file target28.cif (mmCIF, C-alpha atoms and all ligand atoms)
data_entry
#
loop_
_atom_site.label_atom_id
_atom_site.label_comp_id
_atom_site.auth_asym_id
_atom_site.auth_seq_id
_atom_site.Cartn_x
_atom_site.Cartn_y
_atom_site.Cartn_z
CA MET A 272 129.53 90.16 114.21
CA VAL A 273 132.15 92.78 115.16
CA ARG A 274 133.14 90.71 118.16
CA HIS A 275 132.92 87.39 116.31
CA PRO A 276 134.51 88.14 112.92
CA ARG A 277 135.04 84.44 112.16
CA GLU A 278 131.28 84.13 111.97
CA VAL A 279 131.29 86.28 108.83
CA PHE A 280 133.19 83.56 106.97
CA LEU A 281 132.06 80.40 108.77
CA ARG A 282 128.34 80.73 109.30
CA GLN A 283 125.72 79.92 106.71
CA PRO A 284 124.17 83.00 105.12
CA GLU A 285 120.93 83.90 106.84
CA PRO A 286 117.92 82.73 104.82
CA ALA A 287 115.87 85.23 102.86
CA VAL A 288 112.30 84.90 104.03
CA ILE A 289 109.13 85.37 102.08
CA ASN A 290 105.62 84.45 103.00
CA PRO A 291 103.75 83.82 99.74
CA ALA A 292 100.68 82.65 101.68
CA ASN A 293 100.28 86.10 103.25
CA HIS A 294 96.97 87.30 101.80
CA HIS A 295 98.34 90.83 101.51
CA VAL A 296 100.90 89.36 99.09
CA LEU A 297 98.99 86.46 97.54
CA LEU A 298 95.75 88.18 96.50
CA PRO A 299 97.29 91.13 94.62
CA HIS A 300 99.69 88.78 92.81
CA VAL A 301 96.92 86.43 91.73
CA GLY A 302 94.79 89.41 90.66
CA CYS A 303 97.63 90.79 88.52
CA ALA A 304 98.26 87.37 86.99
CA ALA A 305 94.59 86.99 86.07
CA ASP A 306 94.66 90.41 84.47
CA GLU A 307 97.51 89.28 82.22
CA LEU A 308 96.05 85.90 81.24
CA PRO A 309 93.00 83.93 82.39
CA LEU A 310 93.92 81.59 85.25
CA SER A 311 93.26 77.87 85.05
CA HIS A 312 93.84 74.99 87.42
CA ALA A 313 97.12 74.34 85.67
CA ASP A 314 98.41 77.58 87.19
CA GLY A 315 98.19 75.95 90.60
CA ARG A 316 101.77 74.79 90.02
CA TYR A 317 102.94 78.35 90.71
CA TRP A 318 101.10 78.67 94.01
CA ASP A 319 100.91 75.11 95.37
CA ASP A 320 97.73 74.84 97.41
CA MET A 321 97.13 78.57 97.62
CA LEU A 322 95.60 79.35 94.22
CA ASP A 323 92.20 77.92 95.06
CA THR A 324 91.93 79.98 98.22
CA ALA A 325 93.03 83.13 96.41
CA VAL A 326 90.57 82.66 93.53
CA HIS A 327 87.82 81.98 96.03
CA GLU A 328 88.53 85.18 97.98
CA LEU A 329 88.90 87.33 94.87
CA VAL A 330 85.62 86.08 93.37
CA LEU A 331 83.88 86.95 96.65
CA GLN A 332 85.37 90.43 96.40
CA ASP A 333 84.18 90.79 92.75
CA ARG A 334 87.76 91.17 91.60
CA LEU A 335 87.73 87.89 89.62
CA ARG A 336 84.93 86.17 87.74
CA LEU A 337 84.76 82.68 86.35
CA VAL A 338 84.12 82.12 82.65
CA ALA A 339 83.16 78.87 80.96
CA THR A 340 85.67 77.22 78.66
CA ASP A 341 85.41 74.69 75.88
CA PRO A 342 84.07 71.18 76.68
CA GLY A 343 86.95 68.92 77.63
CA ASP A 344 88.83 71.64 79.43
CA THR A 345 89.56 71.10 83.12
CA GLY A 346 87.16 73.80 84.23
CA PRO A 347 86.32 77.47 83.94
CA HIS A 348 88.98 80.14 83.83
CA ALA A 349 89.27 82.99 86.28
CA VAL A 350 89.58 86.46 84.72
CA TRP A 351 90.07 89.90 86.26
CA SER A 352 86.80 91.75 86.83
CA GLY A 353 87.87 94.54 89.20
CA ARG A 354 87.87 98.24 88.33
CA GLY A 355 90.87 99.20 86.21
CA ALA A 356 94.12 97.31 85.93
CA PRO A 357 95.31 95.97 89.30
CA ALA A 358 99.07 96.45 88.93
CA PRO A 359 99.17 100.27 89.24
CA THR A 360 97.28 100.09 92.55
CA ILE A 361 99.91 97.89 94.20
CA GLY A 362 102.94 99.48 95.78
CA LEU A 363 106.32 97.92 95.09
CA ARG A 364 107.68 98.96 98.46
CA SER A 365 105.06 97.57 100.79
CA ALA A 366 102.42 94.94 101.35
CA SER A 367 99.70 97.43 102.18
CA ARG A 368 97.65 98.89 99.35
CA GLY A 369 98.02 102.51 100.28
CA GLU A 370 101.04 104.72 99.71
CA TYR A 371 101.67 108.40 100.37
CA ARG A 372 103.67 110.47 97.91
CA ILE A 373 106.47 112.67 99.16
CA ARG A 374 107.17 115.81 97.17
CA THR A 375 109.25 118.92 97.66
CA ASN A 376 107.63 122.31 98.25
CA ASP A 377 108.21 123.18 94.59
CA GLY A 378 106.25 120.10 93.53
CA ALA A 379 109.07 117.72 92.54
CA PRO A 380 108.44 114.07 93.49
CA LEU A 381 110.87 112.72 96.08
CA GLY A 382 109.52 109.25 96.82
CA SER A 383 106.70 107.39 98.50
CA VAL A 384 106.03 105.86 101.88
CA ASP A 385 103.83 102.98 102.95
CA ALA A 386 100.60 104.25 104.54
CA ALA A 387 101.32 102.10 107.58
CA ARG A 388 104.55 104.05 108.25
CA VAL A 389 103.26 107.56 107.63
CA ALA A 390 102.75 108.34 111.32
CA GLN A 391 106.31 107.27 112.14
CA THR A 392 108.23 108.75 109.21
CA VAL A 393 106.43 111.72 107.58
CA HIS A 394 104.32 113.29 110.33
CA ALA A 395 104.30 117.10 110.36
CA GLY A 396 107.71 118.27 111.57
CA ALA A 397 109.50 114.96 110.84
CA VAL A 398 113.04 115.05 109.51
CA TYR A 399 113.03 112.72 106.51
CA LEU A 400 116.25 111.33 105.06
CA HIS A 401 116.46 110.75 101.32
CA GLN A 402 119.68 109.71 99.59
CA GLY A 403 121.78 111.24 102.34
CA ALA A 404 119.95 114.58 102.34
CA SER A 405 117.70 115.83 105.15
CA TRP A 406 114.22 117.17 104.50
CA ARG A 407 111.67 118.55 106.94
CA VAL A 408 108.00 117.64 106.50
CA VAL A 409 106.10 120.94 106.32
CA GLU A 410 102.66 119.50 105.55
CA LEU A 411 101.00 116.10 105.69
CA ASP A 412 97.84 115.96 103.55
CA HIS A 413 95.73 112.87 104.30
CA VAL A 414 93.12 113.77 101.67
CA HIS A 415 95.56 113.74 98.77
CA ARG A 416 97.87 111.26 100.53
CA CYS A 417 100.88 113.48 100.14
CA ALA A 418 103.67 114.80 102.39
CA THR A 419 105.36 118.06 101.39
CA VAL A 420 108.97 118.51 102.45
CA ALA A 421 111.53 121.36 102.43
CA ARG A 422 115.32 121.16 102.73
CA HIS A 423 116.52 120.81 106.31
CA ASP A 424 120.03 122.03 106.99
CA ALA A 425 120.24 121.63 110.77
CA ASP A 426 122.14 118.60 112.08
CA THR A 427 119.17 116.97 113.80
CA TYR A 428 116.90 113.98 113.52
CA THR A 429 113.44 113.21 114.83
CA GLN A 430 111.98 110.16 116.51
CA VAL A 431 108.34 109.53 117.39
CA ARG A 432 106.98 108.64 120.77
CA SER A 433 104.12 106.17 120.67
CA ASN A 434 101.98 103.89 122.77
CA SER A 435 101.19 100.39 121.58
CA ASP A 436 98.45 97.98 122.56
CA ILE A 437 98.69 94.36 121.61
CA SER A 438 96.01 91.72 121.33
CA LEU A 439 96.92 88.10 120.73
CA LEU A 440 94.39 86.77 118.23
CA GLU A 441 95.45 83.21 117.51
CA VAL A 442 98.08 80.78 118.70
CA ALA A 443 99.56 78.65 115.92
CA GLU A 444 102.23 76.84 117.92
CA SER A 445 103.70 76.82 121.38
CA THR A 446 106.83 75.34 122.83
CA ARG A 447 109.03 75.79 125.86
CA VAL A 448 112.64 76.82 126.15
CA GLY A 449 113.86 76.41 129.72
CA GLY A 450 111.29 78.20 131.85
CA ILE A 451 109.93 80.37 129.04
CA ALA A 452 106.69 79.57 127.23
CA VAL A 453 107.31 80.55 123.59
CA SER A 454 104.39 80.93 121.18
CA LEU A 455 103.86 81.82 117.56
CA GLY A 456 100.61 83.30 116.34
CA ARG A 457 98.65 86.21 115.00
CA VAL A 458 98.42 89.54 116.78
CA LEU A 459 96.75 92.90 116.40
CA VAL A 460 99.04 95.82 117.21
CA THR A 461 97.46 99.25 117.70
CA THR A 462 99.98 102.06 117.72
CA GLN A 463 99.19 105.62 118.69
CA VAL A 464 101.88 108.17 117.90
CA VAL A 465 101.61 110.88 120.57
CA ALA A 466 104.66 113.12 120.05
CA TYR A 467 108.02 113.40 118.39
CA GLU A 468 111.33 114.44 119.81
CA GLU A 469 114.20 116.11 118.03
CA ARG A 470 117.83 115.34 118.84
CA HIS A 471 121.27 116.31 117.65
CA THR A 472 122.55 113.80 115.07
CA GLU A 473 126.01 113.26 116.54
CA THR A 474 125.55 113.78 120.25
CA HIS A 475 121.91 112.62 120.43
CA ARG A 476 121.38 115.63 122.72
CA PHE A 477 117.67 116.23 123.34
CA ILE A 478 116.44 119.44 121.74
CA ARG A 479 112.65 119.45 122.00
CA CYS A 480 109.51 117.32 122.15
CA GLU A 481 106.40 118.28 120.19
CA PRO A 482 102.96 116.67 120.69
CA LEU A 483 101.26 115.10 117.66
CA GLU A 484 97.64 114.23 116.98
CA MET A 485 97.53 111.23 114.69
CA GLU A 486 95.02 108.50 113.98
CA PRO A 487 96.03 105.20 115.59
CA SER A 488 97.36 102.61 113.17
CA VAL A 489 96.29 98.98 113.37
CA LEU A 490 98.51 96.15 112.20
CA ASP A 491 97.30 92.56 111.86
CA THR A 492 100.41 90.45 111.63
CA SER A 493 102.31 87.42 112.89
CA ALA A 494 104.37 87.41 116.06
CA LEU A 495 106.20 85.30 118.56
CA TRP A 496 106.00 85.91 122.26
CA TRP A 497 107.88 84.88 125.36
CA ALA A 498 105.85 84.46 128.56
CA PHE A 499 107.65 84.60 131.91
CA GLU A 500 105.59 83.34 134.81
CA ALA A 501 105.62 85.13 138.16
CA GLU A 502 107.21 82.24 140.07
CA MET A 503 110.16 82.13 137.74
CA ILE A 504 110.61 85.91 137.80
CA ASP A 505 110.72 85.75 141.60
CA ALA A 506 113.21 82.89 141.49
CA ALA A 507 115.41 84.92 139.14
CA GLY A 508 115.51 87.67 141.76
CA ILE A 509 113.75 90.26 139.61
CA GLY A 510 111.52 92.61 141.57
CA PRO A 511 108.53 94.59 140.27
CA VAL A 512 110.62 97.73 139.89
CA GLU A 513 113.22 96.07 137.64
CA LEU A 514 110.81 93.91 135.67
CA PRO A 515 109.61 96.46 133.05
CA GLY A 516 113.20 97.43 132.23
CA ALA A 517 114.27 93.78 132.07
CA LEU A 518 111.50 92.83 129.64
CA HIS A 519 111.98 95.95 127.51
CA ALA A 520 115.73 95.32 127.27
CA ALA A 521 115.18 91.65 126.40
CA GLU A 522 112.70 92.74 123.70
CA HIS A 523 115.13 95.21 122.11
CA THR A 524 118.01 92.73 122.16
CA GLY A 525 115.81 89.91 120.88
CA ILE A 526 114.83 92.10 117.93
CA GLY A 527 118.43 93.23 117.41
CA VAL A 528 119.77 89.68 117.00
CA LEU A 529 117.03 88.49 114.63
CA PRO A 530 118.97 89.50 111.48
CA LEU A 531 121.29 86.60 112.42
CA PHE A 532 118.41 84.22 111.76
CA ALA A 533 116.63 85.80 108.80
CA LEU A 534 117.40 88.35 106.13
CA CYS A 535 115.78 91.38 107.75
CA ASP A 536 116.56 94.47 109.75
CA ARG A 537 115.07 96.14 112.80
CA TRP A 538 112.61 98.08 110.67
CA ASP A 539 110.98 94.82 109.54
CA LEU A 540 110.08 94.09 113.14
CA GLY A 541 108.36 95.65 116.12
CA GLY A 542 107.96 94.75 119.75
CA VAL A 543 105.88 95.22 122.85
CA SER A 544 106.75 94.15 126.39
CA THR A 545 104.56 94.23 129.45
CA PRO A 546 104.88 92.98 133.04
CA TRP A 547 101.37 91.56 132.77
CA LEU A 548 99.42 90.47 129.71
CA GLU A 549 96.03 89.14 130.57
CA GLN A 550 95.94 86.80 127.59
CA THR A 551 99.07 84.94 128.68
CA ALA A 552 98.58 85.58 132.41
CA ALA A 553 102.28 86.35 132.57
CA ALA A 554 104.94 88.98 131.95
CA THR A 555 105.28 88.91 128.17
CA VAL A 556 107.64 90.05 125.43
CA VAL A 557 106.05 90.16 121.96
CA ILE A 558 108.18 90.45 118.81
CA HIS A 559 106.11 90.95 115.68
CA ASP A 560 106.56 91.31 111.95
CA ALA A 561 106.15 94.95 110.93
CA HIS A 562 104.38 94.05 107.67
CA PRO A 563 100.64 93.32 107.39
CA GLY A 564 100.08 89.58 107.53
CA GLY A 565 103.72 88.94 108.43
CA ALA A 566 106.75 88.45 106.22
CA GLY A 567 107.76 85.17 107.84
CA VAL A 568 110.58 86.53 110.01
CA THR A 569 108.99 85.71 113.35
CA ALA A 570 107.94 82.26 112.10
CA LEU A 571 111.58 81.55 111.28
CA ALA A 572 112.68 82.90 114.66
CA PHE A 573 110.14 80.65 116.39
CA GLU A 574 111.65 77.64 114.62
CA HIS A 575 114.98 78.60 116.19
CA SER A 576 113.56 79.68 119.53
CA GLU A 577 116.31 78.25 121.69
CA ALA A 578 119.14 79.65 119.55
CA HIS A 579 117.34 82.99 119.35
CA LEU A 580 116.95 83.24 123.12
CA ARG A 581 120.52 82.11 123.77
CA SER A 582 121.89 84.62 121.25
CA THR A 583 119.87 87.32 122.97
CA LEU A 584 121.38 86.33 126.31
CA GLU A 585 124.88 86.21 124.82
CA VAL A 586 124.60 89.79 123.55
CA LEU A 587 123.27 90.93 126.93
CA THR A 588 126.06 89.12 128.75
CA THR A 589 129.04 89.99 126.59
CA CYS A 590 128.47 93.61 125.58
CA ARG A 591 131.34 95.74 126.90
CA CYS A 592 129.21 98.71 127.87
CA ALA A 593 128.44 99.46 131.52
CA THR A 594 124.67 99.67 131.62
CA GLY A 595 123.38 99.45 128.04
CA CYS A 596 124.24 100.83 124.62
CA PRO A 597 123.08 100.64 120.97
CA SER A 598 125.04 97.40 120.57
CA CYS A 599 122.92 95.62 123.14
CA VAL A 600 119.70 97.08 124.53
CA HIS A 601 119.16 100.49 122.96
CA SER A 602 116.94 100.69 119.88
CA PRO A 603 116.97 103.56 117.37
CA LYS A 604 113.23 103.15 116.81
CA CYS A 605 111.96 102.74 120.38
CA GLY A 606 108.61 104.50 120.83
CA ASN A 607 109.38 105.04 124.53
CA GLY A 608 112.68 106.81 124.08
CA ASN A 609 114.56 103.71 125.34
CA GLU A 610 112.98 103.99 128.78
CA PRO A 611 113.00 101.95 130.93
CA LEU A 612 115.87 99.61 130.05
CA ASP A 613 117.68 97.41 132.55
CA ARG A 614 120.40 95.37 130.92
CA GLY A 615 121.47 93.76 134.22
CA ALA A 616 117.95 92.61 135.10
CA ALA A 617 117.37 91.32 131.55
CA THR A 618 120.58 89.29 131.80
CA ALA A 619 119.57 87.89 135.18
CA LEU A 620 116.08 87.02 133.94
CA LEU A 621 117.19 85.23 130.78
CA SER A 622 120.15 83.54 132.53
CA TYR A 623 117.78 82.02 135.04
CA ALA A 624 114.97 81.27 132.59
CA LEU A 625 117.29 79.42 130.19
CA ARG A 626 118.70 77.15 132.88
CA ALA A 627 117.80 73.54 132.28
CA ASP A 628 116.17 73.33 135.70
CA ALA A 629 114.04 76.44 135.33
CA ARG A 630 110.75 74.98 136.45
CA PRO A 631 108.10 74.58 133.77
CA PRO A 632 104.55 75.22 134.93
CA SER A 633 102.30 72.26 135.34
CA ARG A 634 100.02 72.96 132.38
CA LEU A 635 102.64 72.30 129.69
CA THR A 636 105.37 69.71 129.84
CA PRO A 637 108.73 70.60 128.30
CA SER A 638 108.41 67.96 125.59
CA THR A 639 105.00 69.04 124.47
CA ARG A 640 104.39 71.18 121.45
CA THR A 641 100.84 72.32 120.94
CA VAL A 642 99.00 73.29 117.84
CA ARG A 643 96.00 75.41 118.59
CA ARG A 644 93.27 77.09 116.65
CA SER A 645 91.16 80.03 117.61
CA LEU A 646 87.52 79.06 117.90
CA SER A 647 86.18 81.32 120.58
CA ARG A 648 83.55 83.97 120.26
CA SER A 649 84.79 86.77 122.45
CA PRO A 650 83.59 90.06 120.95
CA GLU A 651 86.54 92.10 122.19
CA ILE A 652 88.89 91.45 119.27
CA THR A 653 87.92 91.70 115.65
CA THR A 654 90.05 91.70 112.56
CA PRO A 655 90.16 94.89 110.52
CA THR A 656 89.22 93.08 107.35
CA SER A 657 86.21 91.34 108.81
CA GLY A 658 83.72 93.87 107.52
CA ASN A 659 84.70 93.60 103.86
CA ARG A 660 82.55 90.66 102.99
CA ARG A 661 79.49 91.65 104.95
CA GLY A 662 76.37 91.05 102.90
CA ARG A 663 78.02 88.97 100.19
CA ALA A 664 75.61 86.45 98.74
CA THR A 665 77.57 83.66 97.20
CA THR A 666 77.69 79.93 97.42
CA GLU A 667 80.88 78.39 98.72
CA THR A 668 81.16 75.93 95.85
CA LEU A 669 84.07 77.96 94.51
CA SER A 670 86.23 76.50 97.23
CA MET A 671 88.78 73.93 96.10
CA SER A 672 89.04 70.82 98.21
CA PRO A 673 92.15 68.62 98.43
CA GLY A 674 92.47 65.62 96.15
CA PRO A 675 91.29 65.60 92.56
CA ARG A 676 90.50 69.21 91.75
CA PRO A 677 86.82 69.84 90.99
CA PRO A 678 86.20 72.39 88.28
CA TRP A 679 85.82 75.98 89.43
CA SER A 680 82.12 76.59 89.58
CA SER A 681 80.69 79.93 88.70
CA THR A 682 77.39 79.14 90.40
CA ARG A 683 76.18 82.01 92.52
CA SER A 684 73.05 82.09 94.62
CA THR A 685 71.68 83.82 97.67
CA SER A 686 72.32 80.83 99.86
CA ARG A 687 75.42 80.59 102.02
CA SER A 688 75.32 76.84 102.34
CA PRO A 689 77.02 74.50 102.14
CA ARG A 690 79.61 76.22 104.30
CA THR A 691 83.07 75.04 103.64
CA ALA A 692 85.94 74.88 106.08
CA SER A 693 87.25 78.17 104.77
CA ALA A 694 83.90 79.85 105.30
CA VAL A 695 83.78 78.59 108.87
CA SER A 696 87.34 79.78 109.37
CA ARG A 697 86.46 83.25 108.13
CA ALA A 698 83.43 83.40 110.38
CA THR A 699 85.46 82.51 113.44
CA ARG A 700 88.16 84.97 112.46
CA SER A 701 85.58 87.69 112.13
CA SER A 702 84.17 87.01 115.53
CA GLY A 703 87.58 87.33 117.15
CA SER A 704 89.09 85.48 120.04
CA THR A 705 91.15 85.75 123.13
CA ILE A 706 94.08 83.61 124.05
CA THR A 707 92.57 82.58 127.33
CA ASP A 708 89.79 80.90 125.40
CA LEU A 709 92.07 78.78 123.30
CA ALA A 710 92.64 75.91 125.68
CA VAL A 711 89.30 74.41 124.78
CA ALA A 712 90.31 74.16 121.13
CA GLU A 713 93.80 72.88 121.53
CA VAL A 714 95.09 69.78 119.81
CA THR A 715 98.17 68.47 121.53
CA ARG A 716 100.92 66.80 119.56
CA THR A 717 103.74 65.26 121.55
CA THR A 718 107.10 65.53 119.84
ZN ZN B 801 125.99 97.46 125.37
ZN ZN B 802 111.45 100.16 123.18
#

call {"tool": "encode", "arguments": {"input": "target28.cif", "output": "structure tokens", "more": "lines below"}}
Ligand SMILES: [Zn+2]
Ligand SMILES: [Zn+2]
result
Amino acid sequence: MVRHPREVFLRQPEPAVINPANHHVLLPHVGCAADELPLSHADGRYWDDMLDTAVHELVLQDRLRLVATDPGDTGPHAVWSGRGAPAPTIGLRSASRGEYRIRTNDGAPLGSVDAARVAQTVHAGAVYLHQGASWRVVELDHVHRCATVARHDADTYTQVRSNSDISLLEVAESTRVGGIAVSLGRVLVTTQVVAYEERHTETHRFIRCEPLEMEPSVLDTSALWWAFEAEMIDAAGIGPVELPGALHAAEHTGIGVLPLFALCDRWDLGGVSTPWLEQTAAATVVIHDAHPGGAGVTALAFEHSEAHLRSTLEVLTTCRCATGCPSCVHSPKCGNGNEPLDRGAATALLSYALRADARPPSRLTPSTRTVRRSLSRSPEITTPTSGNRRGRATTETLSMSPGPRPPWSSTRSTSRSPRTASAVSRATRSSGSTITDLAVAEVTRTT
């Protein structure tokens, strides 16, 4: 934007994204609504097709129950049956259900932080910024979910070092831009914070690195990924030594330009890059939503895959720095301390890959868009929520089918049949999948 000021006035504002179908968003909202007033089918107008699914899930979790209504009504109403009122248990600042309080060492409340970001932001020793003031975390209490902070007067900041593992769980869509296979789907990101480093605020001079012992965090979310096949990497002149830095730089820049396409910032996103990902059988850059279930940012980026990749290349090509800077490839939240980064190799890789004649592999033609579902039974990936419903004994007649809406049935029995599509879907989700298994389930739609 600094180098293209006309864009500020000429371009359309970036769209605000929201993903109301995200179960981490949908279920708490429906629960709160039912606590206010009993839900009926007429309330489906507020949630389109999603209300039936939400009611179904919440009844299975014993957080809603169905009550009969007067004859002539369209069906039973759904009322809140969980413990206590639902609204106070839902954080306003996050999609996850857990929050940690932050308080000063004399007991005054300072704020709260999403449980999913505790390891990154309020680990013991972290410098925490609040309304322009610096605080140092002196204690992190997981039992009482509280971080205690004391004033921090030194001119320093901290940044965690972490290792991430990524598993691709489902492919929703795939397409091709030049020689790059681009996919959108669901991923499981496991992040292990291993240390934090402290640096001077103005000079970024390294001061110290302290090891940390934290529980790994697991994030089930949506993501897009770029797969670069070995042949094309060779043709682009990228060797094995440069490749990790090229992918890592492309990942950082790809994340950095996303606010041009959706109302978000870097902290709404995360990324992983690897010279070899077994599930894609290729060097892969993954950019994922940082919120459980996904906020819709990567879905919007996937829709604009070509523009996103070309904008990434433009930033890599036009930045006036010599070898990389915060305007192009450096990230303030990199878990690897911005190592390795190779702006030149990233530019060469994307320049080649986005050429019209970059050769597509034989298994996908450039004009083919695929819609795939995960149906495999590999045991190696399971979703974190899959254990919640173990042992539930409920019929599936609560499920709403398309067309004329049947009344919500409150029938419960010990039988699990008939199994509806949603029940089958949950079962397959619980059993997990790998990408390499997906080809058998793919439905190809030529566009
Ligand atoms: Zn630069
Ligand atoms: Zn990084």

call {"tool": "closest_atom_pairs", "arguments": {"input": "target28.cif", "of": "chain A", "to": "ligand ZN 802 (chain B)", "cutoff": "12 Å", "atoms": "all atoms listed in the file", "output": "tab-separated table"}}
result
residue	atom	partner	partner_atom	distance
A:Val431	CA	B:ZN802	ZN	11.4
A:Arg432	CA	B:ZN802	ZN	9.9
A:Ser433	CA	B:ZN802	ZN	9.8
A:Asn434	CA	B:ZN802	ZN	10.2
A:Ser435	CA	B:ZN802	ZN	10.4
A:Pro515	CA	B:ZN802	ZN	10.7
A:Gly516	CA	B:ZN802	ZN	9.6
A:Ala517	CA	B:ZN802	ZN	11.3
A:Leu518	CA	B:ZN802	ZN	9.8
A:His519	CA	B:ZN802	ZN	6.1
A:Ala520	CA	B:ZN802	ZN	7.6
A:Ala521	CA	B:ZN802	ZN	9.8
A:Glu522	CA	B:ZN802	ZN	7.5
A:His523	CA	B:ZN802	ZN	6.3
A:Thr524	CA	B:ZN802	ZN	10.0
A:Gly525	CA	B:ZN802	ZN	11.4
A:Ile526	CA	B:ZN802	ZN	10.2
A:Gly527	CA	B:ZN802	ZN	11.4
A:Arg537	CA	B:ZN802	ZN	11.7
A:Leu540	CA	B:ZN802	ZN	11.8
A:Gly541	CA	B:ZN802	ZN	8.9
A:Gly542	CA	B:ZN802	ZN	7.3
A:Val543	CA	B:ZN802	ZN	7.5
A:Ser544	CA	B:ZN802	ZN	8.3
A:Thr545	CA	B:ZN802	ZN	11.0
A:Val556	CA	B:ZN802	ZN	11.0
A:Val557	CA	B:ZN802	ZN	11.4
A:Ile558	CA	B:ZN802	ZN	11.1
A:Pro597	CA	B:ZN802	ZN	11.8
A:Val600	CA	B:ZN802	ZN	8.9
A:His601	CA	B:ZN802	ZN	7.7
A:Ser602	CA	B:ZN802	ZN	6.4
A:Pro603	CA	B:ZN802	ZN	8.7
A:Lys604	CA	B:ZN802	ZN	7.3
A:Cys605	CA	B:ZN802	ZN	3.8
A:Gly606	CA	B:ZN802	ZN	5.7
A:Asn607	CA	B:ZN802	ZN	5.5
A:Gly608	CA	B:ZN802	ZN	6.8
A:Asn609	CA	B:ZN802	ZN	5.2
A:Glu610	CA	B:ZN802	ZN	7.0
A:Pro611	CA	B:ZN802	ZN	8.1
A:Leu612	CA	B:ZN802	ZN	8.2
A:Asp613	CA	B:ZN802	ZN	11.6

call {"tool": "closest_atom_pairs", "arguments": {"input": "target28.cif", "of": "chain A", "to": "ligand ZN 801 (chain B)", "cutoff": "10 Å", "atoms": "only C-alpha atoms and all ligand atoms", "output": "Markdown table"}}
result
| residue | atom | partner | partner_atom | distance |
| --- | --- | --- | --- | --- |
| A:Thr524 | CA | B:ZN801 | ZN | 9.8 |
| A:Val586 | CA | B:ZN801 | ZN | 8.0 |
| A:Leu587 | CA | B:ZN801 | ZN | 7.2 |
| A:Thr588 | CA | B:ZN801 | ZN | 9.0 |
| A:Thr589 | CA | B:ZN801 | ZN | 8.2 |
| A:Cys590 | CA | B:ZN801 | ZN | 4.6 |
| A:Arg591 | CA | B:ZN801 | ZN | 5.8 |
| A:Cys592 | CA | B:ZN801 | ZN | 4.3 |
| A:Ala593 | CA | B:ZN801 | ZN | 6.9 |
| A:Thr594 | CA | B:ZN801 | ZN | 6.8 |
| A:Gly595 | CA | B:ZN801 | ZN | 4.2 |
| A:Cys596 | CA | B:ZN801 | ZN | 3.9 |
| A:Pro597 | CA | B:ZN801 | ZN | 6.2 |
| A:Ser598 | CA | B:ZN801 | ZN | 4.9 |
| A:Cys599 | CA | B:ZN801 | ZN | 4.2 |
| A:Val600 | CA | B:ZN801 | ZN | 6.4 |
| A:His601 | CA | B:ZN801 | ZN | 7.9 |
| A:Arg614 | CA | B:ZN801 | ZN | 8.1 |

call {"tool": "axis_aligned_box", "arguments": {"input": "target28.cif", "around": "region 574-590 of chain A", "padding_each_side": "6 Å", "output": "JSON"}}
result
{"center_x": 120.3, "center_y": 85.6, "center_z": 121.7, "size_x": 29.4, "size_y": 28.0, "size_z": 26.1}

call {"tool": "closest_atom_pairs", "arguments": {"input": "target28.cif", "of": "region 523-586 of chain A", "to": "region 488-507 of chain A", "cutoff": "12 Å", "atoms": "all atoms listed in the file", "output": "Markdown table"}}
result
| residue | atom | partner | partner_atom | distance |
| --- | --- | --- | --- | --- |
| A:Gly525 | CA | A:Trp497 | CA | 10.4 |
| A:Ile526 | CA | A:Leu495 | CA | 11.0 |
| A:Leu529 | CA | A:Leu495 | CA | 12.0 |
| A:Asp539 | CA | A:Thr492 | CA | 11.6 |
| A:Leu540 | CA | A:Ala494 | CA | 9.3 |
| A:Gly541 | CA | A:Ala494 | CA | 9.2 |
| A:Gly542 | CA | A:Ala494 | CA | 9.0 |
| A:Val543 | CA | A:Trp496 | CA | 9.3 |
| A:Ser544 | CA | A:Trp496 | CA | 9.2 |
| A:Thr545 | CA | A:Ala498 | CA | 9.9 |
| A:Pro546 | CA | A:Phe499 | CA | 8.9 |
| A:Trp547 | CA | A:Ala498 | CA | 9.4 |
| A:Leu548 | CA | A:Ala498 | CA | 8.9 |
| A:Glu549 | CA | A:Ala498 | CA | 11.1 |
| A:Gln550 | CA | A:Ala498 | CA | 10.2 |
| A:Thr551 | CA | A:Ala498 | CA | 6.8 |
| A:Ala552 | CA | A:Glu500 | CA | 7.7 |
| A:Ala553 | CA | A:Glu500 | CA | 5.0 |
| A:Ala554 | CA | A:Phe499 | CA | 5.2 |
| A:Thr555 | CA | A:Ala498 | CA | 4.5 |
| A:Val556 | CA | A:Trp497 | CA | 5.2 |
| A:Val557 | CA | A:Trp496 | CA | 4.3 |
| A:Ile558 | CA | A:Leu495 | CA | 5.5 |
| A:His559 | CA | A:Ala494 | CA | 4.0 |
| A:Asp560 | CA | A:Ser493 | CA | 5.8 |
| A:Ala561 | CA | A:Thr492 | CA | 7.3 |
| A:His562 | CA | A:Thr492 | CA | 6.7 |
| A:Pro563 | CA | A:Thr492 | CA | 5.1 |
| A:Gly564 | CA | A:Thr492 | CA | 4.2 |
| A:Gly565 | CA | A:Thr492 | CA | 4.8 |
| A:Ala566 | CA | A:Ser493 | CA | 8.1 |
| A:Gly567 | CA | A:Ser493 | CA | 7.8 |
| A:Val568 | CA | A:Ala494 | CA | 8.7 |
| A:Thr569 | CA | A:Ala494 | CA | 5.6 |
| A:Ala570 | CA | A:Leu495 | CA | 7.3 |
| A:Leu571 | CA | A:Leu495 | CA | 9.8 |
| A:Ala572 | CA | A:Leu495 | CA | 7.9 |
| A:Phe573 | CA | A:Leu495 | CA | 6.5 |
| A:Glu574 | CA | A:Leu495 | CA | 10.2 |
| A:His575 | CA | A:Leu495 | CA | 11.3 |
| A:Ser576 | CA | A:Leu495 | CA | 9.3 |
| A:Glu577 | CA | A:Trp497 | CA | 11.3 |
| A:His579 | CA | A:Trp497 | CA | 11.4 |
| A:Leu580 | CA | A:Trp497 | CA | 9.5 |
